[in-house]
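J.: Structure file upload.cif (mmCIF, C-alpha atoms) right here:
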```cif
data_target
#
loop_
_atom_site.label_atom_id
_atom_site.label_comp_id
_atom_site.auth_asym_id
_atom_site.auth_seq_id
_atom_site.Cartn_x
_atom_site.Cartn_y
_atom_site.Cartn_z
CA MET A 1 31.47 -33.36 38.25
CA VAL A 2 34.77 -32.00 39.57
CA ARG A 3 35.90 -30.95 36.11
CA ASP A 4 32.61 -29.17 35.42
CA ALA A 5 32.80 -26.98 38.55
CA PRO A 6 35.47 -24.53 37.28
CA ARG A 7 33.51 -24.12 34.04
CA GLN A 8 30.40 -23.11 35.95
CA ARG A 9 32.40 -20.64 38.06
CA VAL A 10 33.82 -19.01 34.96
CA LEU A 11 30.35 -18.80 33.44
CA SER A 12 28.85 -17.06 36.43
CA ASP A 13 31.86 -15.01 37.62
CA PRO A 14 30.81 -11.35 37.32
CA ALA A 15 34.48 -10.31 37.25
CA ARG A 16 35.02 -12.09 33.95
CA PRO A 17 32.17 -11.11 31.65
CA SER A 18 32.32 -12.63 28.18
CA ALA A 19 30.01 -12.31 25.21
CA LEU A 20 30.87 -15.93 24.35
CA ALA A 21 30.12 -17.31 27.80
CA PRO A 22 26.86 -19.04 26.70
CA PHE A 23 28.86 -21.21 24.28
CA ARG A 24 30.50 -22.93 27.23
CA VAL A 25 27.18 -24.75 27.63
CA ARG A 26 27.16 -27.80 25.33
CA ASN A 27 23.47 -27.56 24.43
CA TYR A 28 23.80 -23.93 23.38
CA ARG A 29 26.65 -24.84 21.02
CA PHE A 30 24.15 -27.00 19.13
CA GLN A 31 21.08 -24.77 19.40
CA TRP A 32 22.81 -21.59 18.25
CA PRO A 33 23.84 -22.93 14.81
CA ALA A 34 20.48 -24.73 14.49
CA ASP A 35 18.66 -21.43 15.02
CA LEU A 36 21.07 -19.66 12.67
CA LEU A 37 20.51 -22.12 9.81
CA THR A 38 16.74 -22.02 10.30
CA SER A 39 16.66 -18.21 10.20
CA TRP A 40 18.91 -18.25 7.14
CA ALA A 41 16.57 -20.63 5.33
CA PHE A 42 13.53 -18.55 6.34
CA GLU A 43 15.00 -15.42 4.79
CA MET A 44 16.11 -17.17 1.59
CA GLU A 45 12.73 -18.83 1.13
CA THR A 46 10.73 -15.66 1.76
CA LEU A 47 12.78 -13.65 -0.72
CA ILE A 48 12.81 -16.29 -3.45
CA LEU A 49 9.11 -17.16 -3.25
CA GLY A 50 8.02 -13.53 -2.94
CA TRP A 51 9.94 -12.66 -6.10
CA TYR A 52 8.57 -15.73 -7.91
CA VAL A 53 4.94 -14.89 -7.09
CA LEU A 54 5.35 -11.28 -8.17
CA VAL A 55 7.09 -12.12 -11.46
CA GLU A 56 4.74 -14.98 -12.40
CA THR A 57 1.48 -13.21 -11.54
CA GLY A 58 2.38 -9.52 -11.85
CA SER A 59 -0.05 -8.90 -8.99
CA VAL A 60 0.89 -6.98 -5.86
CA LEU A 61 -2.31 -8.27 -4.26
CA LEU A 62 -1.15 -11.89 -4.67
CA LEU A 63 2.27 -10.88 -3.33
CA THR A 64 0.65 -9.49 -0.19
CA LEU A 65 -1.52 -12.62 0.06
CA PHE A 66 1.62 -14.76 -0.06
CA ALA A 67 3.30 -12.65 2.62
CA SER A 68 0.15 -12.77 4.77
CA LEU A 69 -0.04 -16.57 4.63
CA GLY A 70 3.24 -16.70 6.53
CA TYR A 71 1.43 -15.42 9.62
CA VAL A 72 -1.76 -17.49 9.65
CA GLY A 73 -0.42 -19.42 12.64
CA THR A 74 -0.07 -16.40 14.93
CA LEU A 75 -3.53 -16.97 16.42
CA VAL A 76 -2.60 -20.52 17.47
CA ALA A 77 1.00 -19.70 18.47
CA PRO A 78 0.21 -19.75 22.22
CA MET A 79 -0.94 -23.37 21.87
CA PHE A 80 2.52 -24.37 20.63
CA GLY A 81 3.84 -23.23 23.99
CA VAL A 82 1.37 -25.50 25.75
CA VAL A 83 2.44 -28.46 23.57
CA GLY A 84 6.10 -27.69 24.24
CA ASP A 85 5.48 -27.71 27.98
CA ARG A 86 3.96 -31.18 27.69
CA ILE A 87 6.25 -32.98 25.22
CA GLY A 88 9.43 -30.93 25.65
CA HIS A 89 10.56 -27.82 23.72
CA ARG A 90 13.49 -29.65 22.08
CA ASP A 91 11.22 -32.34 20.61
CA LEU A 92 8.61 -29.83 19.46
CA LEU A 93 11.24 -27.61 17.81
CA ALA A 94 12.79 -30.59 16.02
CA MET A 95 9.38 -31.66 14.68
CA MET A 96 8.65 -28.13 13.50
CA ARG A 97 11.95 -27.90 11.64
CA ALA A 98 11.47 -31.33 10.10
CA SER A 99 8.14 -30.07 8.76
CA TYR A 100 9.92 -27.08 7.18
CA ALA A 101 12.29 -29.48 5.43
CA VAL A 102 9.41 -31.60 4.10
CA LEU A 103 7.49 -28.61 2.77
CA ALA A 104 10.62 -27.11 1.19
CA ALA A 105 11.37 -30.50 -0.40
CA VAL A 106 7.90 -30.46 -1.98
CA LEU A 107 8.61 -27.10 -3.59
CA MET A 108 12.09 -28.24 -4.63
CA ALA A 109 10.60 -31.28 -6.39
CA LEU A 110 8.04 -29.08 -8.17
CA VAL A 111 10.74 -26.66 -9.32
CA LEU A 112 13.12 -29.35 -10.56
CA SER A 113 10.32 -31.19 -12.38
CA GLY A 114 9.05 -28.00 -14.02
CA HIS A 115 5.60 -28.19 -12.43
CA LEU A 116 5.80 -25.26 -10.02
CA ALA A 117 2.91 -22.78 -10.20
CA PRO A 118 1.92 -19.81 -7.98
CA VAL A 119 -1.07 -21.73 -6.60
CA TYR A 120 1.25 -24.45 -5.24
CA VAL A 121 3.46 -21.80 -3.66
CA LEU A 122 0.44 -20.27 -1.90
CA ILE A 123 -0.72 -23.68 -0.62
CA VAL A 124 2.68 -24.60 0.77
CA ALA A 125 3.06 -21.09 2.24
CA ALA A 126 -0.25 -21.57 4.08
CA PHE A 127 0.93 -24.84 5.65
CA MET A 128 4.29 -23.32 6.53
CA GLY A 129 2.56 -20.28 8.00
CA ILE A 130 0.75 -22.41 10.56
CA VAL A 131 4.04 -23.50 12.13
CA ARG A 132 6.67 -20.85 11.40
CA PRO A 133 5.34 -17.98 13.58
CA SER A 134 5.87 -20.16 16.67
CA ASP A 135 9.52 -20.98 15.93
CA LEU A 136 10.88 -17.88 17.65
CA GLY A 137 8.85 -18.43 20.81
CA VAL A 138 9.71 -22.13 21.09
CA ARG A 139 13.43 -21.55 20.52
CA GLY A 140 13.36 -18.86 23.22
CA ALA A 141 11.69 -21.27 25.64
CA LEU A 142 14.35 -23.89 24.88
CA VAL A 143 17.16 -21.37 25.53
CA ALA A 144 15.58 -20.56 28.89
CA THR A 145 15.44 -24.28 29.68
CA ILE A 146 19.01 -25.24 28.78
CA MET A 147 20.86 -22.15 30.08
CA PRO A 148 21.83 -21.37 33.69
CA ARG A 149 19.88 -18.43 35.08
CA ASP A 150 22.94 -16.14 35.29
CA ALA A 151 23.78 -16.71 31.60
CA LEU A 152 20.25 -16.27 30.23
CA ILE A 153 20.46 -12.58 29.34
CA GLY A 154 23.69 -13.09 27.39
CA ALA A 155 22.25 -16.10 25.57
CA ILE A 156 19.10 -14.24 24.53
CA SER A 157 21.14 -11.23 23.39
CA ILE A 158 23.35 -13.43 21.20
CA SER A 159 20.30 -15.15 19.75
CA ARG A 160 18.77 -11.79 18.84
CA THR A 161 21.85 -10.49 17.04
CA THR A 162 22.25 -13.83 15.29
CA MET A 163 18.74 -13.54 13.88
CA ASP A 164 19.57 -10.15 12.42
CA THR A 165 22.82 -11.51 10.99
CA ALA A 166 20.91 -14.38 9.39
CA ARG A 167 18.54 -11.89 7.77
CA ILE A 168 21.48 -10.15 6.15
CA ALA A 169 23.28 -13.31 4.99
CA GLY A 170 20.08 -15.12 4.03
CA ALA A 171 18.78 -12.25 1.92
CA LEU A 172 22.06 -11.73 0.07
CA SER A 173 22.88 -15.42 -0.43
CA GLY A 174 19.31 -16.28 -1.46
CA ALA A 175 19.24 -13.49 -4.01
CA GLY A 176 22.70 -14.45 -5.28
CA LEU A 177 21.87 -18.14 -5.68
CA PHE A 178 18.54 -17.36 -7.31
CA ALA A 179 20.07 -14.91 -9.79
CA ALA A 180 23.15 -17.00 -10.61
CA LEU A 181 21.87 -20.60 -10.60
CA GLY A 182 18.10 -20.40 -10.72
CA MET A 183 15.34 -21.40 -8.36
CA GLY A 184 16.01 -25.16 -8.37
CA PRO A 185 19.57 -25.09 -6.99
CA ALA A 186 18.57 -22.35 -4.54
CA TYR A 187 15.85 -24.61 -3.16
CA VAL A 188 18.26 -27.53 -2.86
CA ALA A 189 20.33 -25.28 -0.58
CA ILE A 190 17.23 -24.33 1.45
CA VAL A 191 16.28 -27.99 2.00
CA CYS A 192 19.83 -28.76 3.13
CA LEU A 193 19.71 -25.88 5.63
CA TYR A 194 16.45 -27.16 7.13
CA VAL A 195 17.75 -30.74 7.36
CA ALA A 196 20.95 -29.58 9.04
CA SER A 197 19.03 -27.40 11.51
CA THR A 198 16.77 -30.34 12.42
CA ALA A 199 19.79 -32.58 13.03
CA LEU A 200 21.50 -29.97 15.20
CA THR A 201 18.31 -29.42 17.20
CA LEU A 202 18.14 -33.17 17.91
CA CYS A 203 21.70 -32.98 19.24
CA VAL A 204 20.47 -30.79 22.08
CA THR A 205 20.09 -32.96 25.16
CA ALA A 206 16.44 -32.77 26.12
CA PRO A 207 16.14 -31.78 29.78
CA ALA A 208 14.38 -34.32 31.94
CA THR A 209 10.71 -33.53 32.46
CA PRO A 210 9.98 -33.61 36.19
CA GLU A 211 6.96 -35.46 37.48
CA PRO A 212 4.21 -33.26 38.89
CA ALA A 213 5.08 -32.69 42.54
CA SER A 214 1.71 -31.72 43.91
CA GLU A 215 -1.99 -31.83 43.26
CA ALA A 216 -1.86 -28.14 42.36
CA VAL A 217 0.68 -28.81 39.59
CA GLN A 218 -1.34 -31.76 38.30
CA GLU A 219 -4.47 -29.63 38.25
CA ALA A 220 -2.63 -26.89 36.32
CA MET A 221 -1.55 -29.43 33.69
CA ARG A 222 -5.11 -30.71 33.31
CA ARG A 223 -6.55 -27.24 32.80
CA SER A 224 -7.80 -26.23 29.38
CA PRO A 225 -5.20 -24.32 27.31
CA LEU A 226 -8.02 -22.01 26.23
CA ARG A 227 -8.64 -21.12 29.88
CA ASP A 228 -4.96 -20.27 30.34
CA LEU A 229 -5.04 -18.06 27.25
CA THR A 230 -8.20 -16.31 28.45
CA GLU A 231 -6.56 -15.59 31.80
CA GLY A 232 -3.51 -14.19 30.01
CA VAL A 233 -5.63 -11.84 27.88
CA ALA A 234 -7.50 -10.65 30.98
CA TYR A 235 -4.20 -10.09 32.82
CA VAL A 236 -2.85 -7.95 29.96
CA TRP A 237 -6.12 -6.04 29.55
CA THR A 238 -6.15 -5.00 33.21
CA THR A 239 -2.50 -3.84 33.27
CA PRO A 240 -2.34 -0.43 31.53
CA ARG A 241 1.35 -0.34 30.54
CA MET A 242 1.16 -3.88 29.12
CA GLN A 243 -2.01 -3.05 27.21
CA ALA A 244 -0.36 0.08 25.81
CA ALA A 245 2.78 -1.82 24.76
CA LEU A 246 0.72 -4.45 22.95
CA TRP A 247 -1.33 -1.79 21.14
CA VAL A 248 1.94 -0.26 19.97
CA ALA A 249 3.12 -3.68 18.76
CA PHE A 250 -0.17 -4.27 16.93
CA LEU A 251 0.01 -0.83 15.31
CA ALA A 252 3.58 -1.41 14.11
CA ASN A 253 2.61 -4.74 12.57
CA LEU A 254 -0.45 -3.20 10.92
CA THR A 255 1.08 -0.06 9.43
CA ALA A 256 4.92 -0.15 9.55
CA TYR A 257 6.09 -3.69 8.80
CA PRO A 258 4.06 -4.02 5.56
CA ILE A 259 5.97 -1.06 4.05
CA SER A 260 9.46 -1.83 5.35
CA ASN A 261 9.30 -5.62 4.97
CA GLY A 262 6.43 -7.43 3.26
CA LEU A 263 6.22 -5.22 0.17
CA LEU A 264 9.95 -5.16 -0.61
CA PRO A 265 9.68 -7.50 -3.67
CA TYR A 266 7.13 -5.15 -5.24
CA ILE A 267 9.16 -2.07 -4.31
CA ALA A 268 12.34 -3.55 -5.81
CA LYS A 269 10.69 -4.53 -9.10
CA ALA A 270 8.05 -1.87 -9.70
CA ILE A 271 9.58 1.22 -8.08
CA TYR A 272 13.33 0.75 -8.62
CA GLY A 273 13.29 -1.62 -11.59
CA THR A 274 15.91 -3.90 -10.05
CA ASN A 275 16.28 -7.69 -9.97
CA GLN A 276 16.64 -10.33 -7.24
CA THR A 277 20.05 -8.98 -6.23
CA GLY A 278 18.62 -5.51 -5.68
CA LEU A 279 15.86 -7.03 -3.59
CA GLY A 280 18.52 -8.75 -1.51
CA TYR A 281 20.25 -5.40 -0.89
CA LEU A 282 16.98 -3.79 0.23
CA SER A 283 16.16 -6.64 2.59
CA ALA A 284 19.70 -6.79 3.98
CA SER A 285 19.81 -3.04 4.61
CA PHE A 286 16.81 -3.24 6.96
CA ALA A 287 18.45 -6.17 8.75
CA ILE A 288 21.77 -4.31 9.06
CA GLY A 289 19.99 -1.46 10.81
CA SER A 290 18.19 -3.92 13.07
CA LEU A 291 21.46 -5.63 13.98
CA ALA A 292 23.05 -2.28 14.81
CA GLY A 293 20.10 -1.39 17.03
CA SER A 294 20.35 -4.67 18.93
CA ILE A 295 24.08 -4.19 19.53
CA VAL A 296 23.72 -0.56 20.63
CA LEU A 297 20.92 -1.34 23.08
CA SER A 298 22.89 -4.23 24.58
CA LEU A 299 25.68 -1.75 25.43
CA VAL A 300 23.46 0.99 26.90
CA ARG A 301 22.49 1.13 30.56
CA ASP A 302 19.87 3.08 32.54
CA VAL A 303 17.44 3.57 29.67
CA ARG A 304 13.83 4.58 30.21
CA MET A 305 12.32 1.83 28.08
CA ALA A 306 8.85 3.28 27.46
CA ARG A 307 10.29 6.60 26.33
CA LEU A 308 12.78 4.76 24.13
CA MET A 309 9.91 2.75 22.61
CA ILE A 310 7.96 5.93 21.82
CA GLY A 311 10.95 7.72 20.32
CA ALA A 312 11.99 4.72 18.23
CA ILE A 313 8.48 4.21 16.82
CA VAL A 314 8.22 7.91 15.91
CA VAL A 315 11.58 7.77 14.10
CA TRP A 316 10.47 4.60 12.30
CA TYR A 317 7.30 6.25 10.96
CA VAL A 318 9.06 9.48 9.99
CA THR A 319 11.65 7.42 8.12
CA LEU A 320 8.88 5.55 6.28
CA LEU A 321 7.33 8.88 5.26
CA VAL A 322 10.66 9.80 3.67
CA PHE A 323 11.11 6.29 2.21
CA ALA A 324 7.75 6.55 0.42
CA GLN A 325 9.11 9.46 -1.63
CA MET A 326 12.51 7.96 -2.54
CA GLN A 327 13.16 7.26 -6.21
CA THR A 328 16.71 5.81 -6.13
CA MET A 329 18.15 2.64 -4.59
CA PRO A 330 20.92 4.30 -2.51
CA THR A 331 18.50 6.66 -0.77
CA ALA A 332 16.01 3.81 -0.22
CA ILE A 333 18.74 1.65 1.33
CA ALA A 334 19.73 4.48 3.67
CA CYS A 335 16.10 4.89 4.78
CA LEU A 336 15.74 1.15 5.40
CA VAL A 337 18.90 1.08 7.55
CA VAL A 338 17.44 3.81 9.77
CA ALA A 339 14.04 2.07 9.80
CA GLY A 340 15.66 -1.22 10.81
CA PHE A 341 17.65 0.48 13.59
CA SER A 342 14.59 2.18 15.09
CA GLN A 343 12.48 -0.97 14.66
CA SER A 344 14.97 -2.99 16.69
CA LEU A 345 14.97 -0.46 19.54
CA ALA A 346 11.18 -0.38 19.56
CA MET A 347 10.61 -4.15 19.55
CA ILE A 348 13.24 -4.85 22.23
CA SER A 349 11.72 -2.09 24.37
CA ILE A 350 8.27 -3.68 24.09
CA ALA A 351 9.64 -7.08 25.11
CA VAL A 352 11.47 -5.59 28.12
CA ILE A 353 8.36 -3.70 29.29
CA LEU A 354 6.25 -6.85 29.06
CA MET A 355 8.77 -9.07 30.84
CA ARG A 356 9.45 -6.56 33.61
CA THR A 357 5.74 -6.07 34.20
CA ALA A 358 4.45 -9.65 34.01
CA SER A 359 4.60 -11.85 37.06
CA GLU A 360 6.58 -15.07 36.62
CA SER A 361 3.47 -17.25 36.51
CA PHE A 362 2.01 -15.20 33.63
CA ARG A 363 5.05 -14.58 31.43
CA GLY A 364 4.37 -17.43 29.03
CA ARG A 365 0.78 -16.36 28.50
CA VAL A 366 1.74 -12.71 28.13
CA MET A 367 4.22 -13.61 25.37
CA GLY A 368 1.51 -15.75 23.79
CA VAL A 369 -0.75 -12.70 23.62
CA ARG A 370 2.23 -10.74 22.26
CA MET A 371 2.51 -13.26 19.41
CA MET A 372 -1.18 -12.86 18.61
CA VAL A 373 -0.85 -9.13 17.85
CA ILE A 374 1.44 -10.02 14.93
CA TYR A 375 -1.82 -10.82 13.13
CA GLY A 376 -1.97 -7.12 12.35
CA LEU A 377 0.75 -7.70 9.74
CA PRO A 378 -1.26 -9.88 7.32
CA LEU A 379 -4.22 -7.53 7.71
CA GLY A 380 -2.02 -4.56 6.86
CA LEU A 381 -0.43 -6.39 3.92
CA LEU A 382 -3.75 -7.34 2.34
CA ALA A 383 -5.13 -3.83 2.72
CA ALA A 384 -1.92 -2.36 1.27
CA GLY A 385 -2.13 -4.65 -1.77
CA SER A 386 -5.62 -3.37 -2.58
CA LEU A 387 -4.67 0.27 -1.99
CA ILE A 388 -1.57 0.11 -4.18
CA ASP A 389 -3.68 -1.13 -7.10
CA GLU A 390 -5.95 1.89 -6.61
CA VAL A 391 -3.69 4.81 -5.65
CA GLY A 392 -0.10 3.60 -6.10
CA PHE A 393 2.73 2.75 -3.71
CA ALA A 394 3.85 6.25 -2.69
CA THR A 395 0.36 7.32 -1.63
CA THR A 396 -0.30 4.03 0.18
CA ALA A 397 3.00 4.15 2.08
CA THR A 398 2.42 7.78 3.03
CA LEU A 399 -1.09 7.00 4.30
CA TYR A 400 0.18 4.04 6.31
CA ALA A 401 3.03 5.98 7.91
CA ALA A 402 0.93 9.07 8.64
CA ALA A 403 -1.92 7.01 10.11
CA GLY A 404 0.52 4.96 12.18
CA LEU A 405 2.22 8.09 13.53
CA ALA A 406 -1.11 9.71 14.44
CA LEU A 407 -2.42 6.58 16.18
CA MET A 408 0.90 6.16 18.01
CA LEU A 409 0.61 9.69 19.42
CA ALA A 410 -2.98 8.93 20.44
CA ILE A 411 -1.78 5.85 22.36
CA VAL A 412 0.89 7.92 24.12
CA LEU A 413 -1.64 10.59 25.10
CA HIS A 414 -4.13 8.02 26.40
CA TRP A 415 -1.53 6.14 28.48
CA ARG A 416 0.85 9.06 29.14
CA ALA A 417 0.91 8.37 32.89
CA ASP A 418 2.07 4.80 32.22
CA LEU A 419 4.41 5.45 29.29
CA TRP A 420 5.87 8.95 29.46
CA HIS A 421 6.18 9.95 33.10
CA ALA A 422 9.75 9.49 34.29
CA HIS A 423 8.66 7.63 37.42
CA ALA A 424 6.22 5.28 35.66
CA PRO A 425 7.07 1.57 36.15
CA ALA A 426 7.55 1.15 32.40
CA ASN A 427 10.40 3.71 32.61
CA ALA A 428 12.11 2.08 35.59
CA ARG A 429 15.86 1.83 35.12
#
```
Go ahead and express the file in the form of structure tokens.
T.:
Amino acid sequence: MVRDAPRQRVLSDPARPSALAPFRVRNYRFQWPADLLTSWAFEMETLILGWYVLVETGSVLLLTLFASLGYVGTLVAPMFGVVGDRIGHRDLLAMMRASYAVLAAVLMALVLSGHLAPVYVLIVAAFMGIVRPSDLGVRGALVATIMPRDALIGAISISRTTMDTARIAGALSGAGLFAALGMGPAYVAIVCLYVASTALTLCVTAPATPEPASEAVQEAMRRSPLRDLTEGVAYVWTTPRMQAALWVAFLANLTAYPISNGLLPYIAKAIYGTNQTGLGYLSASFAIGSLAGSIVLSLVRDVRMARLMIGAIVVWYVTLLVFAQMQTMPTAIACLVVAGFSQSLAMISIAVILMRTASESFRGRVMGVRMMVIYGLPLGLLAAGSLIDEVGFATTATLYAAAGLALMLAIVLHWRADLWHAHAPANAR
């Protein structure tokens, strides 16, 4: 105990700030690489399977169906938080990552035996999609559990930039392995990443679960999870700035993410005539912009978050309008870097507005509702797949970006007192 005291003083000493301070906590030194490897495997798997489905079927509609299946679990994501509260976030996260390894091993076996078919990919993607959307929320809850309060902001910031870094490395390495060695060896690497991430997660020392201290706590644990979720929805619906922020998040998932993320395999192959490596460059360029946005925002102080959210979303949609007309890879990559940068500013702003607004007893449920609005992404992807077959990519992307921009301005006008006014709580510095 005596030896640990100086370490804690260094960690919390405001005179000695350090970006690496969270790594002085043993548990974080295991969780950080576990999260990194998981995110890396996610990006590799999404790129490889998206390309496979598009090449084997030639159907953009099936590509969007595959991408949509990755989000089928968003509606049940809040329930994963309830389970984590009851069995422990470390144990839940380890079980989730073990399930990723098992499902990836199934696909690896099918590839190596020569029996892989698009229908098997879609089935496995559906099972994976039930669990994967909750990974980010559960890992965030575990970080909050294992880190001292004064180191939490730094730990979350590092986790955010690490996710963006994993998107860059995962996209490029996945595309490189796929192009150079084929799908089988690439999937062997993915399985190894999932197994390693599961092992590292289990190395995190699970915090002791305290016994309920009062009848009130026991009653809260016995309450129906559905009741908690209903209360969270009602809480958001009656708080204007939170409702506005969630509508913005839903709109971005419905009309922006399908163009700048989910449809990239189709864009790479059909619009630019490139291969898996080119797809990796497109995906990595969006992630590079996102990483830059995260770093810049972590260095800025006294920002009016609601105004930043509005400005970033507008830039994102304007960039997508330009991206829809691009005919060369270099110009497309430049557009995606700007889109990724503005996307990062917008999503971080939404999270800050929600967390500043929500009372401590409602934060978990508010973030659960935040996860549910991601369901706009599969809806937008499926609609985009049908539209592209009818009118082409450029027209579809232009319609999506123009509609998103118009609806965003409508949201701002409706909630202008809560989002734009300098003295509104959402703009508090």
J.: Let me make sure I understand: among A:Ala244, A:Ala383, A:Ala141, A:Leu321, which one has the smallest atom-to-atom distance to A:Ala417 if we use all atoms listed in the file?
T.: A:Ala244
J.: Would you list the contacts of stretch 109-124 of chain A as a PDB file with C-alpha atoms, keeping the file's coordinate frame, taking every protein, DNA or RNA residue within 12 Å and counting all atoms listed in the file, but skipping same-chain residues closer than 3 positions in sequence?
T.:
```
ATOM      1  CA  GLU A  45      12.730 -18.830   1.130  1.00  0.00           C
ATOM      2  CA  THR A  46      10.730 -15.660   1.760  1.00  0.00           C
ATOM      3  CA  ILE A  48      12.810 -16.290  -3.450  1.00  0.00           C
ATOM      4  CA  LEU A  49       9.110 -17.160  -3.250  1.00  0.00           C
ATOM      5  CA  GLY A  50       8.020 -13.530  -2.940  1.00  0.00           C
ATOM      6  CA  TRP A  51       9.940 -12.660  -6.100  1.00  0.00           C
ATOM      7  CA  TYR A  52       8.570 -15.730  -7.910  1.00  0.00           C
ATOM      8  CA  VAL A  53       4.940 -14.890  -7.090  1.00  0.00           C
ATOM      9  CA  LEU A  54       5.350 -11.280  -8.170  1.00  0.00           C
ATOM     10  CA  VAL A  55       7.090 -12.120 -11.460  1.00  0.00           C
ATOM     11  CA  GLU A  56       4.740 -14.980 -12.400  1.00  0.00           C
ATOM     12  CA  THR A  57       1.480 -13.210 -11.540  1.00  0.00           C
ATOM     13  CA  GLY A  58       2.380  -9.520 -11.850  1.00  0.00           C
ATOM     14  CA  SER A  59      -0.050  -8.900  -8.990  1.00  0.00           C
ATOM     15  CA  LEU A  62      -1.150 -11.890  -4.670  1.00  0.00           C
ATOM     16  CA  LEU A  63       2.270 -10.880  -3.330  1.00  0.00           C
ATOM     17  CA  THR A  64       0.650  -9.490  -0.190  1.00  0.00           C
ATOM     18  CA  LEU A  65      -1.520 -12.620   0.060  1.00  0.00           C
ATOM     19  CA  PHE A  66       1.620 -14.760  -0.060  1.00  0.00           C
ATOM     20  CA  ALA A  67       3.300 -12.650   2.620  1.00  0.00           C
ATOM     21  CA  SER A  68       0.150 -12.770   4.770  1.00  0.00           C
ATOM     22  CA  LEU A  69      -0.040 -16.570   4.630  1.00  0.00           C
ATOM     23  CA  GLY A  70       3.240 -16.700   6.530  1.00  0.00           C
ATOM     24  CA  SER A  99       8.140 -30.070   8.760  1.00  0.00           C
ATOM     25  CA  TYR A 100       9.920 -27.080   7.180  1.00  0.00           C
ATOM     26  CA  ALA A 101      12.290 -29.480   5.430  1.00  0.00           C
ATOM     27  CA  VAL A 102       9.410 -31.600   4.100  1.00  0.00           C
ATOM     28  CA  LEU A 103       7.490 -28.610   2.770  1.00  0.00           C
ATOM     29  CA  ALA A 104      10.620 -27.110   1.190  1.00  0.00           C
ATOM     30  CA  ALA A 105      11.370 -30.500  -0.400  1.00  0.00           C
ATOM     31  CA  VAL A 106       7.900 -30.460  -1.980  1.00  0.00           C
ATOM     32  CA  PHE A 127       0.930 -24.840   5.650  1.00  0.00           C
ATOM     33  CA  MET A 128       4.290 -23.320   6.530  1.00  0.00           C
ATOM     34  CA  GLY A 129       2.560 -20.280   8.000  1.00  0.00           C
ATOM     35  CA  ILE A 130       0.750 -22.410  10.560  1.00  0.00           C
ATOM     36  CA  VAL A 131       4.040 -23.500  12.130  1.00  0.00           C
ATOM     37  CA  ARG A 132       6.670 -20.850  11.400  1.00  0.00           C
ATOM     38  CA  GLY A 182      18.100 -20.400 -10.720  1.00  0.00           C
ATOM     39  CA  MET A 183      15.340 -21.400  -8.360  1.00  0.00           C
ATOM     40  CA  GLY A 184      16.010 -25.160  -8.370  1.00  0.00           C
ATOM     41  CA  PRO A 185      19.570 -25.090  -6.990  1.00  0.00           C
ATOM     42  CA  ALA A 186      18.570 -22.350  -4.540  1.00  0.00           C
ATOM     43  CA  TYR A 187      15.850 -24.610  -3.160  1.00  0.00           C
ATOM     44  CA  VAL A 188      18.260 -27.530  -2.860  1.00  0.00           C
ATOM     45  CA  VAL A 191      16.280 -27.990   2.000  1.00  0.00           C
TER      46      VAL A 191
END
```
J.: To one decimal place in Å, what is the distance between atom CA of A:Leu279 and atom CA of A:Thr165?
T.: 16.8 Å
J.: Using atom CA of A:His89 and atom CA of A:Leu142 as the two end points, give the distance in Å to one decimal.
T.: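 Result for atom CA of A:His89 versus atom CA of A:Leu142: 5.6 Å, one decimal.
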J.: Find the residue from A:Asn253, A:Thr357, A:Tyr281, A:Val204 that sits nearest to A:Thr238; use all atoms listed in the file when measuring.
T.: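 Of the candidates, the smallest distance to A:Thr238 is held by A:Thr357.
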J.: Which value, in Å to one decimal, gives the distance between atom CA of A:Glu390 and atom CA of A:Leu61?
T.: 11.0 Å
J.: Using all atoms listed in the file, pick whichever of A:Tyr317, A:Phe341, A:Tyr400, A:Trp415 has the shortest atom-to-atom distance to A:Met242.
T.: A:Trp415
J.: Using all atoms listed in the file, which residue out of A:Ile158, A:Leu399, A:Ile168, A:Val72 lies closest to A:Val373?
T.: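 Selected residue with least distance to A:Val373: A:Val72.
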J.: Applying 9 Å and all atoms listed in the file, which residues near A:Ala312 remain after dropping the ones on its own chain fewer than 5 positions away? List them as a ChimeraX atom specification.
T.: /A:307,317,341-346
J.: Counting only C-alpha atoms, which of A:Thr161, A:Ser386, A:Gln276, A:Thr205 gets nearest to A:Asn27?
T.: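 Once distances to A:Asn27 are computed over only C-alpha atoms, the minimum belongs to A:Thr205.
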J.: Rank A:Tyr257, A:Phe178, A:Phe250, A:Tyr28 by their smallest atom-to-atom distance to A:Ala144, using only C-alpha atoms, and report the top residue only.
T.: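 So, comparing all the options, the nearest one is A:Tyr28.
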J.: Please evaluate the PyMOL selection byres ((chain A and resi 323-331) around 7) against the structure above and give the resulting residues as a list in words.
T.: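 With the shown file as input, the PyMOL selection byres ((chain A and resi 323-331) around 7) matches Tyr272, Thr319, Leu320, Leu321, Val322, Ala332, Ile333, Ala334, Cys335, Ala394, Ala397 and Thr398 of chain A.
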J.: Within 9 Å of (12.7, 4.6, 26.4) (file coordinates; all atoms listed in the file), which protein or nucleic acid residues are there? I'd like them as a VMD selection string.
T.: chain A and resid 303 to 312 345 to 346 349 419 to 420 426 to 427
J.: List every protein, DNA or RNA residue that has an atom no more than 7 Å from (13.2, -22.7, 8.9) in the file's coordinate frame, counting all atoms listed in the file, and report them as a list of chain:residue names.
T.: A:Thr38, A:Ser39, A:Ala41, A:Phe42, A:Arg97, A:Tyr100, A:Tyr194
J.: For the file shown, report as a PyMOL selection string the outcome of the PyMOL selection byres ((chain A and resi 166) around 10) at residue level.
T.: chain A and resi 35-44+161-165+167-172+284+287+291
J.: For this structure, which residues satisfy the selection - the PyMOL selection byres ((chain A and resi 77) around 10) - when it is evaluated on the file as given? I want them as a PyMOL selection string.
T.: chain A and resi 71-76+78-82+130-135+137-138+367-372
